[in-house]
Structure formats: C-alpha cells, structure tokens
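*Asks:* Contents of start_28.csv (CSV, N, CA and C atoms) are given next:
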chain,number,residue,atom,x,y,z
Q,6,PHE,N,1.5,-5.6,11.4
Q,6,PHE,CA,1.5,-6.7,10.4
Q,6,PHE,C,2.4,-6.3,9.3
Q,7,ASP,N,3.7,-6.7,9.5
Q,7,ASP,CA,4.8,-6.4,8.6
Q,7,ASP,C,4.7,-7.4,7.4
Q,8,GLY,N,4.0,-8.4,7.4
Q,8,GLY,CA,3.8,-9.3,6.3
Q,8,GLY,C,4.2,-10.7,6.5
Q,9,GLU,N,3.7,-11.5,5.6
Q,9,GLU,CA,3.9,-13.0,5.7
Q,9,GLU,C,3.8,-13.5,4.3
Q,10,THR,N,4.5,-14.6,4.0
Q,10,THR,CA,4.4,-15.3,2.7
Q,10,THR,C,3.3,-16.3,2.9
Q,11,MET,N,2.4,-16.2,1.9
Q,11,MET,CA,1.2,-17.1,2.0
Q,11,MET,C,0.7,-17.3,0.5
Q,12,LYS,N,-0.2,-18.2,0.4
Q,12,LYS,CA,-0.9,-18.4,-1.0
Q,12,LYS,C,-2.0,-17.4,-1.1
Q,13,LYS,N,-2.2,-16.8,-2.2
Q,13,LYS,CA,-3.3,-15.9,-2.4
Q,13,LYS,C,-3.9,-16.2,-3.8
Q,14,LYS,N,-5.2,-16.0,-3.9
Q,14,LYS,CA,-5.9,-16.2,-5.1
Q,14,LYS,C,-6.9,-15.1,-5.3
Q,15,PHE,N,-6.7,-14.2,-6.3
Q,15,PHE,CA,-7.6,-13.1,-6.6
Q,15,PHE,C,-8.7,-13.7,-7.6
Q,16,THR,N,-9.8,-13.0,-7.7
Q,16,THR,CA,-10.9,-13.5,-8.6
Q,16,THR,C,-10.3,-13.9,-10.0
Q,17,THR,N,-9.4,-13.1,-10.5
Q,17,THR,CA,-8.9,-13.3,-11.9
Q,17,THR,C,-7.8,-14.4,-12.0
Q,18,ASP,N,-7.3,-14.9,-10.8
Q,18,ASP,CA,-6.3,-15.9,-10.8
Q,18,ASP,C,-6.9,-17.3,-11.1
Q,19,PHE,N,-6.2,-18.1,-11.9
Q,19,PHE,CA,-6.7,-19.5,-12.1
Q,19,PHE,C,-6.4,-20.4,-10.9
Q,20,LEU,N,-5.2,-20.2,-10.3
Q,20,LEU,CA,-4.7,-21.0,-9.2
Q,20,LEU,C,-4.2,-20.1,-8.1
Q,21,ALA,N,-4.2,-20.6,-6.9
Q,21,ALA,CA,-3.5,-19.8,-5.8
Q,21,ALA,C,-2.0,-19.8,-6.0
Q,22,LYS,N,-1.5,-18.6,-5.8
Q,22,LYS,CA,0.0,-18.4,-6.0
Q,22,LYS,C,0.6,-17.9,-4.7
Q,23,GLU,N,1.9,-18.2,-4.6
Q,23,GLU,CA,2.6,-17.7,-3.4
Q,23,GLU,C,2.8,-16.2,-3.5
Q,24,ALA,N,2.6,-15.5,-2.5
Q,24,ALA,CA,2.8,-14.0,-2.5
Q,24,ALA,C,3.2,-13.6,-1.1
Q,25,PHE,N,3.7,-12.4,-1.0
Q,25,PHE,CA,4.1,-11.7,0.2
Q,25,PHE,C,2.9,-10.7,0.5
Q,26,VAL,N,2.3,-10.8,1.6
Q,26,VAL,CA,1.1,-10.0,1.9
Q,26,VAL,C,1.3,-9.3,3.2
Q,27,TRP,N,0.9,-8.0,3.2
Q,27,TRP,CA,1.1,-7.2,4.5
Q,27,TRP,C,-0.1,-6.2,4.5
Q,28,ILE,N,-0.2,-5.6,5.7
Q,28,ILE,CA,-1.3,-4.6,6.0
Q,28,ILE,C,-0.5,-3.3,6.3
Q,29,ASN,N,-0.9,-2.2,5.6
Q,29,ASN,CA,-0.4,-0.9,6.0
Q,29,ASN,C,-1.4,-0.3,6.9
Q,30,LEU,N,-1.1,-0.2,8.2
Q,30,LEU,CA,-2.1,0.4,9.1
Q,30,LEU,C,-2.4,1.8,8.9
Q,31,CYS,N,-1.4,2.6,8.4
Q,31,CYS,CA,-1.6,4.0,8.2
Q,31,CYS,C,-2.5,4.4,7.1
Q,32,THR,N,-2.5,3.6,6.0
Q,32,THR,CA,-3.5,3.8,4.9
Q,32,THR,C,-4.7,2.9,4.9
Q,33,ARG,N,-4.7,1.9,5.9
Q,33,ARG,CA,-5.7,0.9,5.9
Q,33,ARG,C,-5.9,0.2,4.6
Q,34,THR,N,-4.8,-0.4,4.2
Q,34,THR,CA,-4.7,-1.1,2.9
Q,34,THR,C,-4.1,-2.5,3.1
Q,35,LEU,N,-4.5,-3.5,2.4
Q,35,LEU,CA,-3.9,-4.8,2.4
Q,35,LEU,C,-3.2,-5.0,1.0
Q,36,HIS,N,-1.9,-5.2,1.1
Q,36,HIS,CA,-1.1,-5.3,-0.1
Q,36,HIS,C,-0.6,-6.7,-0.4
Q,37,TRP,N,-0.2,-7.0,-1.7
Q,37,TRP,CA,0.5,-8.2,-2.0
Q,37,TRP,C,1.4,-8.0,-3.2
Q,38,VAL,N,2.5,-8.7,-3.1
Q,38,VAL,CA,3.5,-8.7,-4.2
Q,38,VAL,C,4.0,-10.2,-4.4
Q,39,LYS,N,4.8,-10.4,-5.4
Q,39,LYS,CA,5.2,-11.8,-5.7
Q,39,LYS,C,6.1,-12.3,-4.6
Q,40,ASN,N,7.0,-11.5,-4.1
Q,40,ASN,CA,7.9,-12.0,-3.0
Q,40,ASN,C,8.3,-10.8,-2.1
Q,41,GLN,N,8.9,-11.1,-1.0
Q,41,GLN,CA,9.2,-10.1,0.0
Q,41,GLN,C,10.1,-9.0,-0.5
Q,42,ALA,N,11.0,-9.3,-1.4
Q,42,ALA,CA,12.0,-8.3,-2.0
Q,42,ALA,C,11.2,-7.2,-2.7
Q,43,GLU,N,10.1,-7.5,-3.3
Q,43,GLU,CA,9.3,-6.5,-4.1
Q,43,GLU,C,8.6,-5.5,-3.2
Q,44,ARG,N,8.5,-5.8,-1.9
Q,44,ARG,CA,7.8,-4.9,-1.0
Q,44,ARG,C,8.4,-3.6,-0.9
Q,45,SER,N,9.7,-3.5,-1.2
Q,45,SER,CA,10.4,-2.2,-1.2
Q,45,SER,C,10.0,-1.3,-2.4
Q,46,GLN,N,9.3,-1.9,-3.3
Q,46,GLN,CA,8.8,-1.1,-4.5
Q,46,GLN,C,7.3,-1.1,-4.5
Q,47,PRO,N,6.7,-0.2,-3.6
Q,47,PRO,CA,5.3,-0.1,-3.4
Q,47,PRO,C,4.4,-0.1,-4.7
Q,48,ARG,N,4.9,0.6,-5.7
Q,48,ARG,CA,4.1,0.7,-7.0
Q,48,ARG,C,3.9,-0.6,-7.7
Q,49,ARG,N,4.7,-1.6,-7.3
Q,49,ARG,CA,4.5,-3.0,-7.9
Q,49,ARG,C,3.5,-3.8,-7.2
Q,50,SER,N,3.0,-3.3,-6.0
Q,50,SER,CA,2.0,-4.0,-5.3
Q,50,SER,C,0.6,-3.9,-5.8
Q,51,LYS,N,-0.2,-4.8,-5.5
Q,51,LYS,CA,-1.7,-4.7,-5.7
Q,51,LYS,C,-2.3,-4.6,-4.3
Q,52,TYR,N,-3.4,-3.9,-4.2
Q,52,TYR,CA,-3.9,-3.7,-2.8
Q,52,TYR,C,-5.4,-3.6,-2.8
Q,53,LEU,N,-6.0,-3.9,-1.7
Q,53,LEU,CA,-7.4,-3.7,-1.4
Q,53,LEU,C,-7.5,-2.6,-0.3
Q,54,LEU,N,-8.4,-1.7,-0.5
Q,54,LEU,CA,-8.7,-0.7,0.5
Q,54,LEU,C,-9.6,-1.2,1.5
Q,55,LEU,N,-9.1,-1.2,2.8
Q,55,LEU,CA,-9.9,-1.7,3.9
Q,55,LEU,C,-10.9,-0.7,4.4
Q,56,LYS,N,-10.7,0.5,4.2
Q,56,LYS,CA,-11.6,1.5,4.7
Q,56,LYS,C,-11.8,2.6,3.7
Q,57,PRO,N,-12.8,2.5,2.8
Q,57,PRO,CA,-12.9,3.4,1.7
Q,57,PRO,C,-13.2,4.9,2.1
Q,58,ASN,N,-13.8,5.2,3.2
Q,58,ASN,CA,-14.1,6.6,3.5
Q,58,ASN,C,-13.1,7.2,4.5
Q,59,ALA,N,-12.0,6.6,4.7
Q,59,ALA,CA,-11.0,7.1,5.6
Q,59,ALA,C,-10.5,8.4,5.2
Q,60,THR,N,-10.3,9.3,6.1
Q,60,THR,CA,-9.9,10.7,5.8
Q,60,THR,C,-8.5,10.8,5.2
Q,61,HIS,N,-7.7,9.7,5.3
Q,61,HIS,CA,-6.3,9.7,4.8
Q,61,HIS,C,-6.2,9.0,3.5
Q,62,SER,N,-7.3,8.7,2.8
Q,62,SER,CA,-7.2,7.8,1.6
Q,62,SER,C,-6.9,8.5,0.3
Q,63,GLN,N,-6.4,9.8,0.4
Q,63,GLN,CA,-6.0,10.5,-0.8
Q,63,GLN,C,-4.6,10.0,-1.2
Q,64,ASN,N,-4.3,10.2,-2.5
Q,64,ASN,CA,-3.0,9.9,-3.0
Q,64,ASN,C,-2.6,8.5,-2.9
Q,65,LEU,N,-3.5,7.5,-2.9
Q,65,LEU,CA,-3.2,6.1,-2.8
Q,65,LEU,C,-2.6,5.6,-4.1
Q,66,HIS,N,-2.7,6.3,-5.2
Q,66,HIS,CA,-2.1,5.8,-6.4
Q,66,HIS,C,-0.6,5.5,-6.3
Q,67,VAL,N,0.1,6.1,-5.3
Q,67,VAL,CA,1.5,5.8,-5.2
Q,67,VAL,C,1.7,4.4,-4.5
Q,68,LEU,N,0.7,3.8,-4.0
Q,68,LEU,CA,0.8,2.5,-3.3
Q,68,LEU,C,0.8,1.3,-4.2
Q,69,GLY,N,0.4,1.5,-5.5
Q,69,GLY,CA,0.3,0.4,-6.4
Q,69,GLY,C,-1.0,0.4,-7.1
Q,70,GLU,N,-1.5,-0.8,-7.5
Q,70,GLU,CA,-2.7,-1.0,-8.3
Q,70,GLU,C,-3.9,-1.4,-7.3
Q,71,GLN,N,-4.9,-0.5,-7.2
Q,71,GLN,CA,-6.0,-0.8,-6.3
Q,71,GLN,C,-6.9,-1.8,-7.0
Q,72,LYS,N,-7.3,-2.9,-6.3
Q,72,LYS,CA,-8.1,-3.9,-6.8
Q,72,LYS,C,-9.5,-3.9,-6.2
Q,73,GLY,N,-9.8,-3.0,-5.4
Q,73,GLY,CA,-11.2,-2.9,-4.8
Q,73,GLY,C,-11.2,-2.5,-3.4
Q,74,GLU,N,-12.4,-2.5,-2.8
Q,74,GLU,CA,-12.6,-2.1,-1.4
Q,74,GLU,C,-13.2,-3.3,-0.7
Q,75,VAL,N,-12.7,-3.6,0.5
Q,75,VAL,CA,-13.1,-4.8,1.2
Q,75,VAL,C,-14.5,-4.5,1.8
Q,76,ARG,N,-15.5,-5.4,1.6
Q,76,ARG,CA,-16.8,-5.3,2.1
Q,76,ARG,C,-17.1,-6.3,3.2
Q,77,SER,N,-16.3,-7.4,3.2
Q,77,SER,CA,-16.5,-8.4,4.2
Q,77,SER,C,-15.2,-9.3,4.3
Q,78,VAL,N,-15.0,-9.8,5.5
Q,78,VAL,CA,-13.9,-10.6,5.9
Q,78,VAL,C,-14.5,-11.9,6.4
Q,79,MET,N,-14.2,-13.0,5.8
Q,79,MET,CA,-14.9,-14.3,6.2
Q,79,MET,C,-13.8,-15.4,6.3
Q,80,ARG,N,-14.1,-16.3,7.2
Q,80,ARG,CA,-13.4,-17.6,7.3
Q,80,ARG,C,-14.2,-18.6,6.7
Q,81,ILE,N,-13.6,-19.6,6.1
Q,81,ILE,CA,-14.3,-20.7,5.4
Q,81,ILE,C,-14.5,-21.8,6.4
Q,82,PRO,N,-15.8,-22.2,6.7
Q,82,PRO,CA,-16.1,-23.2,7.6
Q,82,PRO,C,-15.4,-24.5,7.2
Q,83,GLY,N,-14.7,-25.1,8.2
Q,83,GLY,CA,-14.0,-26.4,8.0
Q,83,GLY,C,-12.6,-26.2,7.4
Q,84,ASP,N,-12.2,-25.0,7.1
Q,84,ASP,CA,-10.9,-24.8,6.6
Q,84,ASP,C,-10.2,-23.8,7.5
Q,85,ALA,N,-9.3,-24.3,8.4
Q,85,ALA,CA,-8.6,-23.5,9.4
Q,85,ALA,C,-7.5,-22.6,8.8
Q,86,SER,N,-7.2,-22.7,7.5
Q,86,SER,CA,-6.1,-21.9,7.0
Q,86,SER,C,-6.6,-20.9,5.9
Q,87,CYS,N,-7.9,-20.6,5.8
Q,87,CYS,CA,-8.3,-19.8,4.7
Q,87,CYS,C,-9.1,-18.6,5.2
Q,88,ILE,N,-8.9,-17.4,4.6
Q,88,ILE,CA,-9.6,-16.2,4.8
Q,88,ILE,C,-10.1,-15.7,3.4
Q,89,VAL,N,-11.3,-15.2,3.3
Q,89,VAL,CA,-11.8,-14.6,2.1
Q,89,VAL,C,-12.2,-13.2,2.3
Q,90,LEU,N,-11.7,-12.3,1.5
Q,90,LEU,CA,-12.1,-10.9,1.6
Q,90,LEU,C,-12.9,-10.6,0.3
Q,91,SER,N,-14.1,-10.1,0.4
Q,91,SER,CA,-14.9,-9.8,-0.8
Q,91,SER,C,-15.1,-8.3,-0.9
Q,92,THR,N,-15.2,-7.9,-2.2
Q,92,THR,CA,-15.4,-6.5,-2.5
Q,92,THR,C,-16.9,-6.3,-2.9
Q,93,GLY,N,-17.3,-5.1,-3.0
Q,93,GLY,CA,-18.7,-4.8,-3.4
Q,93,GLY,C,-18.9,-5.1,-4.9
Q,94,GLY,N,-17.8,-5.2,-5.7
Q,94,GLY,CA,-18.0,-5.5,-7.1
Q,94,GLY,C,-18.0,-6.9,-7.5
Q,95,GLY,N,-18.1,-7.8,-6.6
Q,95,GLY,CA,-18.1,-9.3,-6.9
Q,95,GLY,C,-16.7,-9.9,-6.9
Q,96,ASP,N,-15.7,-9.2,-6.7
Q,96,ASP,CA,-14.3,-9.8,-6.7
Q,96,ASP,C,-14.0,-10.2,-5.3
Q,97,TYR,N,-13.0,-11.1,-5.2
Q,97,TYR,CA,-12.6,-11.6,-3.9
Q,97,TYR,C,-11.1,-11.9,-3.9
Q,98,LEU,N,-10.6,-11.9,-2.7
Q,98,LEU,CA,-9.2,-12.3,-2.5
Q,98,LEU,C,-9.2,-13.4,-1.4
Q,99,GLU,N,-8.7,-14.6,-1.8
Q,99,GLU,CA,-8.6,-15.7,-0.9
Q,99,GLU,C,-7.2,-15.8,-0.4
Q,100,LEU,N,-7.0,-15.9,0.9
Q,100,LEU,CA,-5.7,-16.0,1.5
Q,100,LEU,C,-5.6,-17.3,2.2
Q,101,GLN,N,-4.5,-18.1,1.9
Q,101,GLN,CA,-4.3,-19.4,2.6
Q,101,GLN,C,-3.0,-19.2,3.4
Q,102,LEU,N,-3.1,-19.3,4.7
Q,102,LEU,CA,-1.9,-19.1,5.5
Q,102,LEU,C,-1.9,-20.1,6.7
Q,103,PRO,N,-0.8,-20.1,7.4
Q,103,PRO,CA,-0.7,-21.1,8.5
Q,103,PRO,C,-1.9,-20.9,9.5
Q,104,PRO,N,-2.5,-22.0,9.9
Q,104,PRO,CA,-3.7,-21.9,10.8
Q,104,PRO,C,-3.4,-21.0,12.1
Q,105,ALA,N,-2.2,-21.1,12.6
Q,105,ALA,CA,-1.8,-20.3,13.8
Q,105,ALA,C,-1.9,-18.8,13.5
Q,106,SER,N,-1.9,-18.3,12.3
Q,106,SER,CA,-1.9,-16.9,11.9
Q,106,SER,C,-3.3,-16.4,11.6
Q,107,VAL,N,-4.2,-17.3,11.3
Q,107,VAL,CA,-5.5,-16.9,10.7
Q,107,VAL,C,-6.3,-16.0,11.7
Q,108,ARG,N,-6.3,-16.4,12.9
Q,108,ARG,CA,-7.1,-15.6,13.9
Q,108,ARG,C,-6.7,-14.1,14.0
Q,109,ASN,N,-5.3,-13.9,14.1
Q,109,ASN,CA,-4.8,-12.6,14.2
Q,109,ASN,C,-5.1,-11.8,12.9
Q,110,TRP,N,-4.9,-12.4,11.7
Q,110,TRP,CA,-5.2,-11.7,10.5
Q,110,TRP,C,-6.7,-11.3,10.4
Q,111,VAL,N,-7.6,-12.2,10.7
Q,111,VAL,CA,-9.0,-11.9,10.7
Q,111,VAL,C,-9.4,-10.8,11.6
Q,112,THR,N,-8.9,-10.9,12.8
Q,112,THR,CA,-9.2,-9.8,13.8
Q,112,THR,C,-8.8,-8.4,13.4
Q,113,VAL,N,-7.5,-8.3,12.9
Q,113,VAL,CA,-7.1,-7.0,12.4
Q,113,VAL,C,-7.8,-6.5,11.2
Q,114,LEU,N,-8.0,-7.4,10.2
Q,114,LEU,CA,-8.7,-7.0,9.0
Q,114,LEU,C,-10.1,-6.6,9.3
Q,115,ARG,N,-10.8,-7.3,10.2
Q,115,ARG,CA,-12.2,-6.9,10.5
Q,115,ARG,C,-12.2,-5.5,11.2
Q,116,ARG,N,-11.3,-5.3,12.2
Q,116,ARG,CA,-11.2,-4.1,12.9
Q,116,ARG,C,-11.0,-2.9,12.0
Q,117,LEU,N,-10.1,-3.1,11.0
Q,117,LEU,CA,-9.7,-2.0,10.1
Q,117,LEU,C,-10.9,-1.7,9.2
Q,118,ALA,N,-11.5,-2.8,8.7
Q,118,ALA,CA,-12.6,-2.6,7.7
Q,118,ALA,C,-13.9,-2.1,8.3
Q,119,LEU,N,-14.1,-2.4,9.6
Q,119,LEU,CA,-15.3,-2.0,10.2
Q,119,LEU,C,-15.2,-0.7,11.1
Q,120,ALA,N,-14.0,-0.3,11.4
Q,120,ALA,CA,-13.8,0.8,12.2
Q,120,ALA,C,-14.2,2.1,11.5
Q,121,GLY,N,-14.6,3.1,12.3
Q,121,GLY,CA,-14.9,4.4,11.8
Q,121,GLY,C,-13.7,5.1,11.3
Q,122,PRO,N,-13.8,6.2,10.5
Q,122,PRO,CA,-12.7,7.0,10.0
Q,122,PRO,C,-11.8,7.5,11.2
Q,123,ALA,N,-10.5,7.4,11.0
Q,123,ALA,CA,-9.6,7.8,12.0
Q,123,ALA,C,-8.7,8.9,11.4
Q,124,THR,N,-8.5,10.0,12.2
Q,124,THR,CA,-7.7,11.1,11.7
Q,124,THR,C,-6.2,10.7,11.7
Q,125,SER,N,-5.8,9.8,12.6
Q,125,SER,CA,-4.5,9.4,12.6
Q,125,SER,C,-4.4,7.9,13.0
Q,126,PRO,N,-4.6,7.0,12.0
Q,126,PRO,CA,-4.6,5.6,12.2
Q,126,PRO,C,-3.3,5.0,12.7
Q,127,CYS,N,-2.2,5.7,12.4
Q,127,CYS,CA,-0.9,5.2,12.8
Q,127,CYS,C,-0.8,5.3,14.4
Q,128,LYS,N,-1.4,6.3,15.0
Q,128,LYS,CA,-1.4,6.4,16.4
Q,128,LYS,C,-2.2,5.4,17.1
Q,129,THR,N,-3.2,4.8,16.4
Q,129,THR,CA,-4.1,3.8,17.0
Q,129,THR,C,-3.7,2.4,16.5
Q,130,ALA,N,-2.6,2.2,15.9
Q,130,ALA,CA,-2.2,0.9,15.4
Q,130,ALA,C,-2.1,-0.1,16.5
Q,131,ALA,N,-1.6,0.3,17.7
Q,131,ALA,CA,-1.4,-0.6,18.8
Q,131,ALA,C,-2.8,-1.2,19.3
Q,132,ALA,N,-3.8,-0.4,19.2
Q,132,ALA,CA,-5.1,-0.8,19.6
Q,132,ALA,C,-5.7,-1.8,18.6
Q,133,LEU,N,-5.2,-1.9,17.4
Q,133,LEU,CA,-5.8,-2.8,16.4
Q,133,LEU,C,-5.1,-4.2,16.5
Q,134,ARG,N,-3.9,-4.2,17.1
Q,134,ARG,CA,-3.2,-5.5,17.2
Q,134,ARG,C,-3.9,-6.4,18.2
Q,135,PRO,N,-4.1,-7.7,17.8
Q,135,PRO,CA,-4.8,-8.6,18.8
Q,135,PRO,C,-3.9,-8.9,20.0
Would it be possible to restate this file's structure as structure tokens?
*Replies:*
Amino acid sequence: FDGETMKKKFTTDFLAKEAFVWINLCTRTLHWVKNQAERSQPRRSKYLLLKPNATHSQNLHVLGEQKGEVRSVMRIPGDASCIVLSTGGGDYLELQLPPASVRNWVTVLRRLALAGPATSPCKTAAALRP
C-alpha cells in the first residue's frame, strides 16, 4: 500500500480534507500528509499505530506525530466509499476513498490491526496483501 489520495477526517477536523494516505507494513502504521510530495518527509506525517504491541514499535517518533492506536476498522453501512478507524481514546479517522479501493484497504487494515506480533513484518507483507 504505497498510498492513495483520498479525503480524511480526524476527530479534531471540522470537515474532510484531501490527504495522501499510506500504510507502512514494516512498522504497522497508517500515515497521512497533505499531499503526496510531503510523503518524502516522514516527520511531517501524522499516523495511527495499527499494532500497539508489535516488537518493532520502538523509535516511532521519527515517523511523525502519533494520533493513537487503532482498536477497530469499520465500514459505514450504506456508504460504499467510507472506512472508519477508531482508537481506544474516543478518537477516530474517517477515510473516504473510491469504492473500488475500500475492500482492499479494509482487508489489509484489519489484518494488520488484528494480527499477532511479528518479528519481521516486512517479510510477511506479501501475505497481508489481498
């Protein structure tokens, strides 16, 4: 999941804004920045930790600003283009993307968030792809 431009709305956002969103399979994190060009500057990104107890989750401060840990990944009934990721602290991230992409994103996000700790998640990345 190298990334895709989509609309995102975090708990503190008033409206959904366009953002470039990607998943880092090695650190099990979901990142977003204002545009694709900013992806080359990881410290500018904001991210959610998909697997809080992963053995490789140290030194994540270099990845940007952590906004929480994903506790659930849900689809909105009747809305084919929306995914909602909620954290344990009451925050959420709503992603609005092309309906053709939703299933793949949900599958990978759920597998990463629910999978057990991996000693080398980069080696298992192929198994996570739908």
*Asks:* Tell me which residues come within 10 Å of (-10.3, -8.9, 1.3), as a ChimeraX atom specification, counting only C-alpha atoms in the file's coordinates.
*Replies:* /Q:15,34-36,52-55,72-79,88-92,96-100,111,114-115,118
*Asks:* Applying 8 Å and all atoms listed in the file, which residues near segment 12-14 of chain Q remain after dropping the ones on its own chain fewer than 3 positions away? List them as a list in words.
*Replies:*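 Everything that qualifies: Glu9, Thr17, Asp18, Phe19, Leu20, Ala21, Lys22, Glu23, Ala24, Phe25, Val26, Tyr97, Leu98, Glu99, Leu100, Gln101, Leu102 and Pro103 of chain Q.
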*Asks:* Suppose you want the space between atom CA of Pro47 of chain Q and atom C of Ser106 of chain Q; what is it in Å?
*Replies:* 23.8 Å
*Asks:* Which residue out of Q:Lys56, Q:Ala105, Q:Thr10, Q:Arg48 has the minimum interatomic distance to Thr32 of chain Q when all atoms listed in the file are used?
*Replies:* Q:Lys56
*Asks:* When you draw a straight line from atom CA of Gly69 of chain Q to atom C of Ser45 of chain Q, how long is it in Å?
*Replies:*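 Rounded to one decimal, the two atoms are 10.6 Å apart.
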*Asks:* Can you tell me which residues surround Phe6 of chain Q at a distance of at most 8 Å, considering all atoms listed in the file, apart from same-chain residues fewer than 2 positions away, and format the answer as an mmCIF file with N, CA and C atoms, keeping the file's coordinate frame?
*Replies:*
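Output (out_14.cif):
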data_model
loop_
_atom_site.group_PDB
_atom_site.id
_atom_site.type_symbol
_atom_site.label_atom_id
_atom_site.label_comp_id
_atom_site.auth_asym_id
_atom_site.auth_seq_id
_atom_site.Cartn_x
_atom_site.Cartn_y
_atom_site.Cartn_z
ATOM 1 N N GLY Q 8 4.000 -8.400 7.400
ATOM 2 C CA GLY Q 8 3.800 -9.300 6.300
ATOM 3 C C GLY Q 8 4.200 -10.700 6.500
ATOM 4 N N GLU Q 9 3.700 -11.500 5.600
ATOM 5 C CA GLU Q 9 3.900 -13.000 5.700
ATOM 6 C C GLU Q 9 3.800 -13.500 4.300
ATOM 7 N N VAL Q 26 2.300 -10.800 1.600
ATOM 8 C CA VAL Q 26 1.100 -10.000 1.900
ATOM 9 C C VAL Q 26 1.300 -9.300 3.200
ATOM 10 N N TRP Q 27 0.900 -8.000 3.200
ATOM 11 C CA TRP Q 27 1.100 -7.200 4.500
ATOM 12 C C TRP Q 27 -0.100 -6.200 4.500
ATOM 13 N N ILE Q 28 -0.200 -5.600 5.700
ATOM 14 C CA ILE Q 28 -1.300 -4.600 6.000
ATOM 15 C C ILE Q 28 -0.500 -3.300 6.300
ATOM 16 N N ASN Q 29 -0.900 -2.200 5.600
ATOM 17 C CA ASN Q 29 -0.400 -0.900 6.000
ATOM 18 C C ASN Q 29 -1.400 -0.300 6.900
ATOM 19 N N LEU Q 30 -1.100 -0.200 8.200
ATOM 20 C CA LEU Q 30 -2.100 0.400 9.100
ATOM 21 C C LEU Q 30 -2.400 1.800 8.900
ATOM 22 N N ARG Q 134 -3.900 -4.200 17.100
ATOM 23 C CA ARG Q 134 -3.200 -5.500 17.200
ATOM 24 C C ARG Q 134 -3.900 -6.400 18.200
#
*Asks:* Could you check how far atom CA of Gly94 of chain Q sits from atom CA of Pro82 of chain Q, in Å to one decimal?
*Replies:*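 Straight-line distance from atom CA of Gly94 of chain Q to atom CA of Pro82 of chain Q works out to 23.1 Å.
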